[in-house]
Amino acid sequence: MGMNEKLAAIKGMNDILPPDSAMWEWFEGKVRDLMGRFAYRNIRTPLAEHTALFVRGLGEVTDIVEKEMYSFEDRADKHGQAEHLTLRPEGTAGVVRAVVENNMLYDGGKRLFYIGAMFRREKPQRGRYRQFHQVGVEAMGFGGAELDAEVILLAAQLWKDLGIEGVRLELNSLGQPEERRAHREALVAYFEQHTDVMDEEGKRRMYSNPLRVLDTKNPAMQAMVNAAPQLLDFLGDDSKAHLKAVQDILDANGVAWSVNPRLVRGMDYYNLTVFEFITDKLGSQGTICGGGRYDYLIEQIGGKPAPAVGWGMGIERVLELIKELNIQWDRPSIDAYAILPDAALLPQAMRVIQTLRQAGVRVQMHGSAVAGSLGSMKSQFKKADASGAACALIFGSDEMQRGMVTVKQLRDGEGAQAERAIDAVADWAAQLRA
């Protein structure tokens with residue numbers, strides 16, 4: 001590649017530019033506010049982890065581990081040893097690793113949330129990218145069905161806070177290991193009788209991970225899959241009672257749900273409750289939030305046995321849905337635009353501007369495109385109007401000599417203006433704040 005050749009971003013790894021970045025900030029602000037109301041605390045984990053963490057946590061026979069992870073061998077140390085690392089494809093495994101490594105459950109359960117980038121090597125499409133972003137919650141050290149319900153209620157409340165309607169909730173139970181084993185045997189026996197309609201991937205997974213065969217997108221297999229033995233029929237009384245307790249809490253809070261006996265999720269670590277929030281507005285990428293209970297993952301990753309439940313939410317998909325539904329969001333605005341006819345007045349003008357900013361006024365200062373030239377008053381007013389500012393601050397030579405600044409209204413339709421004393425900025429700053 002030539003030294004001056006234009007460089008582009010990696011396909012499926014997108015820049016987030018203004019004004020879209022403001023929408024992201026608005027969304028993240030809604031999330032942080034909601035997490036505070038539910039008493040969930042922020043956790044931040046590294047982008048890269050040891051590959052073994054995801055192989056052990058997600059399961060070797062999963063699409064993520066088999067096809068999608070960005071894994072690489074790190075540079076060797078002085079002994080020639082190199083670590084095998086992976087950019088995180090999801091958030092839960094890294095959070096569990098951090099909780100185990102730092103012994104965070106020594107004094108009881110923890111409610112945690114994260115916001116960050118994830119990476120999967122797959123074909124980019126709407127709402128599905130190679131670098132994507134997730135919000136996730138993890139409630140660790142709690143075994144009761146009330147926590148399953150709480151994390152679901154948290155997501156349902158977020159839809160309300162964002163103004164999103166028409167999202168449906170699907171539930172299922174994956175039971176406990178011994179129940180899944182009995183179901184697995186029945187599944188394998190059933191699939192062995194229907195290999196004539198199974199594709200190569202289904203045949204390969206029939207013995208290694210038969211639950212994943214149920215998640216096939218192959219239309220030719222749908223009738224066969226729909227008639228397969230259902231895990232719900234293999235659940236014991238305790239597993240059924242756990243699911244019923246979740247449903248009762250959701251009912252009491254007016255959250256509608258339906259049971260989808262084919263819902264299995266994409267990771268191996270789930271047990272008991274699993275769920276997805278689904279929209280019909282985004283085509284094939286309809287799942288915008290999914291999760292469940294994973295009571296055995298902490299032990300798998302080397303910690304003392306402890307129950308846990310959580311979910312992950314794709315930010316890009318949620319923002320796409322907000323745009324699709326034409327939901328209005330709080331766009332950032334500035335209070336004032338500073339106009340400077342004479343560059344020689346910059347030091348004094350910028351002192352006033354800084355005082356206003358310290359007082360909480362959002363001020364955009366006009367900048368020169370060419371060194372030493374701020375441009376005409378007409379061009380500066382044009383930029384002031386385009387900025388969306390409520391008013392313009394005019395630092396004219398005559399006014400500045402008298403210790404004054406002119407404040408001109410830009411949005412009142414009449415262009416009213418008044419002079420304000422520079423040595424009394426603190427007294428009139430509050431009048432500029434929107």
# chains A, B, ... in the order shown; residues from 1 in each chain; ligands from 1

$ residues_around --residues "Pro332 of chain A" --least-positions-apart "2" --cutoff "10 Å" --atoms "only C-alpha atoms" --output "list of chain:residue names"
A:Pro19, A:Ala22, A:Met23, A:Glu25, A:Trp26, A:Trp329, A:Asp330, A:Ile334, A:Gly388

$ write_last_selection --atoms "N, CA and C atoms" --output "PDB file, in the first residue's frame"
ATOM      1  N   PRO A  19     -23.786  13.067  13.968  1.00  0.00           N
ATOM      2  CA  PRO A  19     -24.586  13.169  15.201  1.00  0.00           C
ATOM      3  C   PRO A  19     -24.996  11.825  15.803  1.00  0.00           C
ATOM      4  N   ALA A  22     -24.124  11.041  19.399  1.00  0.00           N
ATOM      5  CA  ALA A  22     -24.958  11.641  20.441  1.00  0.00           C
ATOM      6  C   ALA A  22     -26.112  10.725  20.812  1.00  0.00           C
ATOM      7  N   MET A  23     -26.613   9.994  19.822  1.00  0.00           N
ATOM      8  CA  MET A  23     -27.686   9.035  20.099  1.00  0.00           C
ATOM      9  C   MET A  23     -27.158   7.905  21.002  1.00  0.00           C
ATOM     10  N   GLU A  25     -24.733   8.216  23.177  1.00  0.00           N
ATOM     11  CA  GLU A  25     -24.568   8.782  24.516  1.00  0.00           C
ATOM     12  C   GLU A  25     -25.912   8.881  25.236  1.00  0.00           C
ATOM     13  N   TRP A  26     -26.941   9.279  24.497  1.00  0.00           N
ATOM     14  CA  TRP A  26     -28.288   9.345  25.081  1.00  0.00           C
ATOM     15  C   TRP A  26     -28.729   7.970  25.558  1.00  0.00           C
ATOM     16  N   TRP A 329     -35.433  11.370  20.521  1.00  0.00           N
ATOM     17  CA  TRP A 329     -34.471  11.286  21.624  1.00  0.00           C
ATOM     18  C   TRP A 329     -33.866  12.665  21.865  1.00  0.00           C
ATOM     19  N   ASP A 330     -33.275  12.829  23.036  1.00  0.00           N
ATOM     20  CA  ASP A 330     -32.761  14.140  23.446  1.00  0.00           C
ATOM     21  C   ASP A 330     -31.441  14.446  22.740  1.00  0.00           C
ATOM     22  N   ILE A 334     -26.405  23.483  22.180  1.00  0.00           N
ATOM     23  CA  ILE A 334     -25.522  24.448  22.821  1.00  0.00           C
ATOM     24  C   ILE A 334     -26.344  25.679  23.166  1.00  0.00           C
ATOM     25  N   GLY A 388     -27.486  25.690  15.955  1.00  0.00           N
ATOM     26  CA  GLY A 388     -28.630  25.397  16.810  1.00  0.00           C
ATOM     27  C   GLY A 388     -28.598  26.122  18.131  1.00  0.00           C
TER      28      GLY A 388
END

$ closest_atom_pairs --of "segment 86-123 of chain A" --to "segment 296-314 of chain A" --cutoff "7 Å" --atoms "only C-alpha atoms" --output "Markdown table"
| residue | atom | partner | partner_atom | distance |
| --- | --- | --- | --- | --- |
| A:Val96 | CA | A:Ile298 | CA | 6.2 |
| A:Arg97 | CA | A:Ile301 | CA | 6.6 |
| A:Val100 | CA | A:Gly303 | CA | 5.2 |

$ write_last_selection --atoms "all heavy atoms" --output "PDB file, in the first residue's frame"
ATOM      1  N   VAL A  96     -17.412 -13.273  34.520  1.00  0.00           N
ATOM      2  CA  VAL A  96     -17.272 -14.391  35.454  1.00  0.00           C
ATOM      3  C   VAL A  96     -15.810 -14.589  35.828  1.00  0.00           C
ATOM      4  O   VAL A  96     -15.476 -14.790  36.994  1.00  0.00           O
ATOM      5  CB  VAL A  96     -17.864 -15.683  34.850  1.00  0.00           C
ATOM      6  CG1 VAL A  96     -17.541 -16.887  35.730  1.00  0.00           C
ATOM      7  CG2 VAL A  96     -19.372 -15.559  34.690  1.00  0.00           C
ATOM      8  N   ARG A  97     -14.926 -14.515  34.836  1.00  0.00           N
ATOM      9  CA  ARG A  97     -13.488 -14.655  35.121  1.00  0.00           C
ATOM     10  C   ARG A  97     -13.028 -13.597  36.116  1.00  0.00           C
ATOM     11  O   ARG A  97     -12.302 -13.880  37.071  1.00  0.00           O
ATOM     12  CB  ARG A  97     -12.717 -14.555  33.803  1.00  0.00           C
ATOM     13  CG  ARG A  97     -11.219 -14.924  33.881  1.00  0.00           C
ATOM     14  CD  ARG A  97     -10.332 -13.746  34.202  1.00  0.00           C
ATOM     15  NE  ARG A  97     -10.643 -12.620  33.342  1.00  0.00           N
ATOM     16  CZ  ARG A  97     -10.503 -11.361  33.735  1.00  0.00           C
ATOM     17  NH1 ARG A  97     -10.086 -11.074  34.959  1.00  0.00           N
ATOM     18  NH2 ARG A  97     -10.805 -10.371  32.907  1.00  0.00           N
ATOM     19  N   VAL A 100     -14.389 -14.354  39.638  1.00  0.00           N
ATOM     20  CA  VAL A 100     -13.668 -15.475  40.258  1.00  0.00           C
ATOM     21  C   VAL A 100     -12.266 -15.045  40.655  1.00  0.00           C
ATOM     22  O   VAL A 100     -11.812 -15.272  41.788  1.00  0.00           O
ATOM     23  CB  VAL A 100     -13.617 -16.671  39.287  1.00  0.00           C
ATOM     24  CG1 VAL A 100     -12.658 -17.743  39.811  1.00  0.00           C
ATOM     25  CG2 VAL A 100     -15.015 -17.255  39.093  1.00  0.00           C
TER      26      VAL A 100
END

$ closest_residue --among "A:Leu410, A:Leu147, A:Val405, A:Ala220" --to "His242 of chain A" --atoms "only C-alpha atoms"
A:Leu147

$ select_by_dssp --residues "segment 38-80 of chain A" --states "strand (DSSP E or B)" --output "PyMOL selection string"
chain A and resi 41-42+48-50+70-73

$ residues_around --residues "Phe277 of chain A" --least-positions-apart "2" --cutoff "6 Å" --atoms "only C-alpha atoms" --output "ChimeraX atom specification"
/A:168-169,287-289

$ atom_distance --atom1 "atom CA of Ala252 of chain A" --atom2 "atom CA of Ile115 of chain A"
29.6 Å
